[in-house]
Amino acid sequence: MKKTNSDYIDPARDRDLYSGLIRLHILHHAVESPIFGLGMLEELARHGYRISPGTLYPLLHGLEKKGYLSAKERRDGKSLRKVYRATPLGRKALAAARIKVRELIGELMEGK
Ligand SMILES: [Zn+2]
């Protein structure tokens, strides 16, 4: 049987590999401006992460519980929407992660 690229890329299997990247991505955007679930799903999809609301919302709650994000309800027409921002702790954690990510990128791209 001929191997195709999709034999190697299985989003469900590889999810754990990317979960930290997705968290950092969320934190990065929450530092820049307030974020909400649907907007973040679209942003992540733009980067090739196709995750469901059922995956994203627990992730956001987890980041909130750890103190990286704070959440506020905001009225949007008739519905209430939960908006997240990075806390000072979230900003610090992202700044520390930035150094590690830079190092990793350096290694990953070595000789590329
Ligand atoms: Zn992004």
# chains A, B, ... in the order shown; residues from 1 in each chain; ligands from 1

$ residues_around --residues "Val83 of chain A" --least-positions-apart "6" --cutoff "7 Å" --atoms "only C-alpha atoms" --output "MDAnalysis selection string"
chainID A and resid 34:36 71:74

$ residues_around --residues "Leu60 of chain A" --least-positions-apart "5" --cutoff "9 Å" --atoms "only C-alpha atoms" --output "PyMOL selection string"
chain A and resi 23+26+37+65+69+84

$ residues_around --residues "Leu94 of chain A" --least-positions-apart "2" --cutoff "9 Å" --atoms "only C-alpha atoms" --output "list of chain:residue names"
A:Leu24, A:Leu27, A:His28, A:Val31, A:Leu89, A:Gly90, A:Arg91, A:Lys92, A:Ala96, A:Ala97, A:Arg98, A:Ile99

$ closest_residue --among "A:Gly67, A:Gly111, A:Pro88, A:Gly39" --to "ligand 1" --atoms "only C-alpha atoms and all ligand atoms"
A:Gly39

$ closest_residue --among "A:Leu108, A:Gly20, A:Leu80, A:Ala93" --to "Lys66 of chain A" --atoms "only C-alpha atoms"
A:Ala93

$ residues_near_ligand --ligand "ligand 1" --cutoff "7 Å" --atoms "only C-alpha atoms and all ligand atoms" --output "ChimeraX atom specification"
/A:25,29,43-44,47

$ write_last_selection --atoms "N, CA, C and O atoms" --output "PDB file, in the first residue's frame"
ATOM      1  N   HIS A  25      -0.248  29.603  22.382  1.00  0.00           N
ATOM      2  CA  HIS A  25      -0.872  30.415  21.341  1.00  0.00           C
ATOM      3  C   HIS A  25      -2.042  31.220  21.924  1.00  0.00           C
ATOM      4  O   HIS A  25      -2.193  32.416  21.670  1.00  0.00           O
ATOM      5  N   HIS A  29      -2.313  35.424  22.397  1.00  0.00           N
ATOM      6  CA  HIS A  29      -3.377  36.305  21.909  1.00  0.00           C
ATOM      7  C   HIS A  29      -4.100  37.001  23.050  1.00  0.00           C
ATOM      8  O   HIS A  29      -4.542  38.135  22.907  1.00  0.00           O
ATOM      9  N   GLU A  43      -9.005  31.474  14.984  1.00  0.00           N
ATOM     10  CA  GLU A  43      -7.580  31.804  14.927  1.00  0.00           C
ATOM     11  C   GLU A  43      -6.736  30.525  14.885  1.00  0.00           C
ATOM     12  O   GLU A  43      -5.800  30.410  14.085  1.00  0.00           O
ATOM     13  N   LEU A  44      -7.074  29.566  15.721  1.00  0.00           N
ATOM     14  CA  LEU A  44      -6.301  28.316  15.750  1.00  0.00           C
ATOM     15  C   LEU A  44      -6.469  27.549  14.439  1.00  0.00           C
ATOM     16  O   LEU A  44      -5.509  26.964  13.928  1.00  0.00           O
ATOM     17  N   HIS A  47      -4.221  28.592  11.799  1.00  0.00           N
ATOM     18  CA  HIS A  47      -2.867  28.055  11.937  1.00  0.00           C
ATOM     19  C   HIS A  47      -2.829  26.540  11.732  1.00  0.00           C
ATOM     20  O   HIS A  47      -1.806  25.912  11.984  1.00  0.00           O
TER      21      HIS A  47
END

$ select_by_dssp --residues "chain A" --states "alpha helix (DSSP H)" --output "VMD selection string"
chain A and resid 11 to 32 37 to 46 53 to 65 88 to 108

$ select_by_dssp --residues "chain A" --states "strand (DSSP E)" --output "PyMOL selection string"
chain A and resi 35-36+69-76+79-86

$ write_last_selection --atoms "N, CA and C atoms" --output "tab-separated table (two decimals), in the first residue's frame"
chain	number	residue	atom	x	y	z
A	35	ILE	N	-9.80	37.85	24.34
A	35	ILE	CA	-10.19	36.80	23.38
A	35	ILE	C	-11.47	36.13	23.85
A	36	PHE	N	-12.16	35.50	22.92
A	36	PHE	CA	-13.33	34.69	23.28
A	36	PHE	C	-13.25	33.38	22.50
A	69	LEU	N	-5.28	33.28	32.91
A	69	LEU	CA	-6.32	34.09	32.25
A	69	LEU	C	-7.37	34.49	33.28
A	70	SER	N	-7.97	35.65	33.06
A	70	SER	CA	-9.15	35.99	33.85
A	70	SER	C	-10.32	36.12	32.88
A	71	ALA	N	-11.50	35.75	33.34
A	71	ALA	CA	-12.67	35.73	32.46
A	71	ALA	C	-13.71	36.72	32.94
A	72	LYS	N	-14.40	37.33	31.98
A	72	LYS	CA	-15.50	38.24	32.28
A	72	LYS	C	-16.62	37.96	31.29
A	73	GLU	N	-17.85	38.06	31.78
A	73	GLU	CA	-18.97	37.91	30.87
A	73	GLU	C	-19.23	39.26	30.22
A	74	ARG	N	-19.44	39.23	28.92
A	74	ARG	CA	-19.71	40.48	28.21
A	74	ARG	C	-20.95	40.28	27.36
A	75	ARG	N	-21.85	41.28	27.42
A	75	ARG	CA	-23.08	41.17	26.65
A	75	ARG	C	-22.79	41.47	25.18
A	76	ASP	N	-23.28	40.56	24.33
A	76	ASP	CA	-23.07	40.71	22.89
A	76	ASP	C	-24.44	40.54	22.24
A	79	SER	N	-26.90	37.71	23.65
A	79	SER	CA	-26.21	36.63	24.35
A	79	SER	C	-25.06	37.15	25.20
A	80	LEU	N	-24.71	36.35	26.20
A	80	LEU	CA	-23.55	36.66	27.03
A	80	LEU	C	-22.37	35.88	26.49
A	81	ARG	N	-21.26	36.55	26.40
A	81	ARG	CA	-20.07	35.90	25.86
A	81	ARG	C	-18.97	36.04	26.92
A	82	LYS	N	-18.24	34.97	27.08
A	82	LYS	CA	-17.15	34.98	28.06
A	82	LYS	C	-15.87	35.47	27.37
A	83	VAL	N	-15.31	36.52	27.92
A	83	VAL	CA	-14.10	37.12	27.33
A	83	VAL	C	-12.93	36.90	28.29
A	84	TYR	N	-11.81	36.48	27.71
A	84	TYR	CA	-10.64	36.17	28.53
A	84	TYR	C	-9.52	37.16	28.24
A	85	ARG	N	-8.80	37.52	29.31
A	85	ARG	CA	-7.58	38.32	29.18
A	85	ARG	C	-6.48	37.65	29.97
A	86	ALA	N	-5.25	37.93	29.57
A	86	ALA	CA	-4.11	37.40	30.33
A	86	ALA	C	-3.98	38.17	31.64
